[in-house]
Number of protein chains: 2
Amino acid sequence: MGVVIAVDAMGGDTAPQTVVEGVRAAVASAELSVLLVGDAAVLGPLVGDTERIEIRHAASVVRQDADPAESVRRDGDSSIVVAARAVRAGEAQALVSAGHSGATLAAAALIIGRAPGVIRPGLAAVLPGSARPTVLMDAGANMDTTPQQLLQFAHLGSAFAEHLLHIDAPTCGLLTIGEEPGKGDARAKEAHALLAADGGLIYRGSVEGRDLLTSRVDVIVSDGFTGNVALKTCEGTAREAFLRVRGEATGLRATLGALLLRPALRRVRDSLDPDTYGGGHLLGTNAVTVVAHGSARPRGIAQACRYAAEGVERDLVGAIAARIR
Amino acid sequence: MGVVIAVDAMGGDTAPQTVVEGVRAAVASAELSVLLVGDAAVLGPLVGDTERIEIRHAASVVRQDADPAESVRRDGDSSIVVAARAVRAGEAQALVSAGHSGATLAAAALIIGRAPGVIRPGLAAVLPGSARPTVLMDAGANMDTTPQQLLQFAHLGSAFAEHLLHIDAPTCGLLTIGEEPGKGDARAKEAHALLAADGGLIYRGSVEGRDLLTSRVDVIVSDGFTGNVALKTCEGTAREAFLRVRGEATGLRATLGALLLRPALRRVRDSLDPDTYGGGHLLGTNAVTVVAHGSARPRGIAQACRYAAEGVERDLVGAIAARIR
């Protein structure tokens, strides 16, 4: 049956329908099975007797306004906790959730656990670079990051780029405010020195916000605060640019132009679509964990499952452990 | 002759030609005069006997790779230092430069000086929001910002929005990673408490990277590191989206579509053009200072001069002093 993925069925803006559709697509298109965790009474009719999807009952769901760590510690019956426990028990090899992202990170860190030597797991986002995908690491899992954590993020992100994005000898750069090594805040300066001195990295120096989509480096290293702001700025700007094009395309001439250009515009919009890589990948835990977007469509959920399965097959956890050791 | 603007003629990627063209356009279109500072032998023939442009000789120019503060302290003959001194001496009321932005900030802070009560001046960038312009403050002048500085940035940015962007009762928000007040790094949490407690602000809580262009608030408060990354991410993503549309518009159908849609696409691109507001506005010094983009075209230089003149006429420095005191 190949890899088993524990999927939180109750997480996401349109759960569980979207999640069920997504895992159906995933098991139909890849060698994987799904342990679907959530309200069995609701999930049963939705899933039917789909092959390779097993339902595991969980009585509750973490609410979007809940405190992440507290909800994981207090509510042992929530779908994300039951799913994470199944991974820890070895019933599944990876975790996927489109629910409360903080709770997913907390469940992975607290229940599945950190890999040996990892200071704090971090969230890798895959950006649609012009020439090839770019890993942004950390995209928001950690606040108040230290320079030592940034160095480790460079290794985690490089392992991910190599093993899951199939990039040979991935390069990395530090997200800061100018190309000169002396520019940036105190943390960036210290991190730059650590990154430059590490023989295990292919470090290309500083990169700026304008380099997120230009494929200048394969891994962009950032603290989680700045990384999250940059990721959301990138997504928001792309969305806004397309909204404005639509808003300006009035009158006969422009309407006709937009119609003719639609396939091209759609390809560009798709190239900037966060669903393409299934969401964020938590790196540094003892099992592959994919944090899908709350707004993910079935395609995004299916991608998250496929990436999770590939992460297990390519032993991403082992590759990271070998780099960190 | 109205307001006199001291303009560094030697700063910018295509100086002094672009700067001269820009100041010519500025004096032709607004009630202002320019004290144009730079190599008189080069500037003389370019300017000719244009009315309301006076040339002031400066023997050198700060190189792009120079250390900002050191270059300002050491080289008293550089165009930016001579221009800033003219402002301090009262020969001009505002400073505009498209040169080394760090050197411009240093010259303004060290020679023109901080306004009383201001901890550190900050750089306001004007973002092209969907409904009206949005101020991003600080866009990169200060690293390692404190929560107290962030509170002051909210006031500086609000004064700017009100007096120069003509926004009545401007609202402000704190750039962080989620809408809930508890989200963000330690600095953001402390700043949130200060902002929420200040009766002189119209504080709307947290905003995210995706809110940069949505006109959700009028002033987005940020530390200079994160603000600069966000600003460049926004600019870079918009540029990349248009490059991709152009790259995808191949074949007869799409080429025709692009041709018909061109005016609409151009309007959108223009709406996202950083030249529209002339660059960044340094707030908290004793005289209006505009830091134009190094890549500004004549239009950007002219806009910078007009904004600088309006800042003087509307007594932006006095308005800020009244808020800070």
# chains A, B, ... in the order shown; residues from 1 in each chain; ligands from 1
>>> closest_atom_pairs(of="chain A", to="chain B", cutoff="6 Å", atoms="only C-alpha atoms", output="tab-separated table")
residue	atom	partner	partner_atom	distance
A:Met143	CA	B:Asp185	CA	4.9
A:Asp144	CA	B:Asp185	CA	5.5
A:Asp185	CA	B:Met143	CA	4.9
A:Gly209	CA	B:Thr233	CA	4.0
A:Arg210	CA	B:Gly236	CA	4.1
A:Thr226	CA	B:Thr226	CA	5.6
A:Val229	CA	B:Gly209	CA	4.7
A:Ala230	CA	B:Ala230	CA	5.5
A:Lys232	CA	B:Gly209	CA	4.6
A:Thr233	CA	B:Gly209	CA	4.0
A:Cys234	CA	B:Thr237	CA	5.9
A:Gly236	CA	B:Arg210	CA	4.1
A:Thr237	CA	B:Cys234	CA	5.9
A:Glu248	CA	B:Ala264	CA	5.3
A:Ala249	CA	B:Ala264	CA	5.9
A:Arg253	CA	B:Leu260	CA	5.8
A:Ala254	CA	B:Leu261	CA	4.8
A:Gly257	CA	B:Gly257	CA	3.9
A:Leu260	CA	B:Gly257	CA	4.6
A:Leu261	CA	B:Gly257	CA	4.7
A:Ala264	CA	B:Glu248	CA	5.3
>>> select_by_dssp(residues="range 222-320 of chain B", states="helix (DSSP H, G or I)", output="VMD selection string")
chain B and resid 224 to 248 251 to 271 274 to 277 298 to 313 316 to 320
>>> atom_distance(atom1="CA of Glu179 in chain A", atom2="CA of Asp270 in chain B")
26.9 Å
>>> residues_around(residues="Ala66 in chain A", least_positions_apart="6", cutoff="10 Å", atoms="only C-alpha atoms", output="list in words")
Val72, His100, Gly102 and Ala103 of chain A
>>> write_last_selection(atoms="C-alpha atoms", output="PDB file, in the first residue's frame")
ATOM      1  CA  VAL A  72      -2.742  20.572  21.537  1.00  0.00           C
ATOM      2  CA  HIS A 100      -5.033  25.876  12.264  1.00  0.00           C
ATOM      3  CA  GLY A 102      -0.114  26.986  14.608  1.00  0.00           C
ATOM      4  CA  ALA A 103      -1.826  23.920  16.061  1.00  0.00           C
TER       5      ALA A 103
END
>>> select_by_dssp(residues="range 51-254 of chain B", states="strand (DSSP E or B)", output="number ranges by chain")
B: 53-57, 60, 78, 94-97, 114, 122-127, 134-137, 171-175, 202-207, 219-221
>>> closest_residue(among="B:Ala15, B:Ala196, B:Leu123, B:Leu156", to="His281 in chain B", atoms="only C-alpha atoms")
B:Leu123
>>> atom_distance(atom1="CA of Ala287 in chain B", atom2="CA of Val96 in chain B")
10.7 Å
>>> residues_around(residues="Val61 in chain A", least_positions_apart="2", cutoff="9 Å", atoms="only C-alpha atoms", output="VMD selection string")
chain A and resid 10 to 11 38 to 39 58 to 59 63 75 77 to 80 99
>>> write_last_selection(atoms="C-alpha atoms", output="compact mmCIF listing (two decimals), in the first residue's frame")
# COMPACT_ATOMS: atom_id res chain seq x y z
CA MET A 10 -11.47 18.73 9.72
CA GLY A 11 -8.94 21.50 9.01
CA GLY A 38 -12.09 13.49 11.92
CA ASP A 39 -15.76 13.10 12.73
CA ALA A 58 -11.69 12.25 16.32
CA ALA A 59 -14.35 13.95 18.42
CA ARG A 63 -10.83 26.27 16.46
CA ASP A 75 -7.63 18.57 23.83
CA ASP A 77 -9.44 14.29 21.01
CA SER A 78 -8.92 16.94 18.35
CA SER A 79 -8.37 15.72 14.80
CA ILE A 80 -4.85 17.17 14.55
CA GLY A 99 -6.31 23.39 9.67
>>> residues_around(residues="range 131-135 of chain A", least_positions_apart="5", cutoff="10 Å", atoms="only C-alpha atoms", output="MDAnalysis selection string")
chainID A and resid 123:126 154 157:158 160:161 165 167 170:172 211:221 277 280:281
>>> closest_residue(among="A:Glu21, A:Asp138, A:Glu70, A:Asp49", to="Ala107 in chain A", atoms="only C-alpha atoms")
A:Glu70
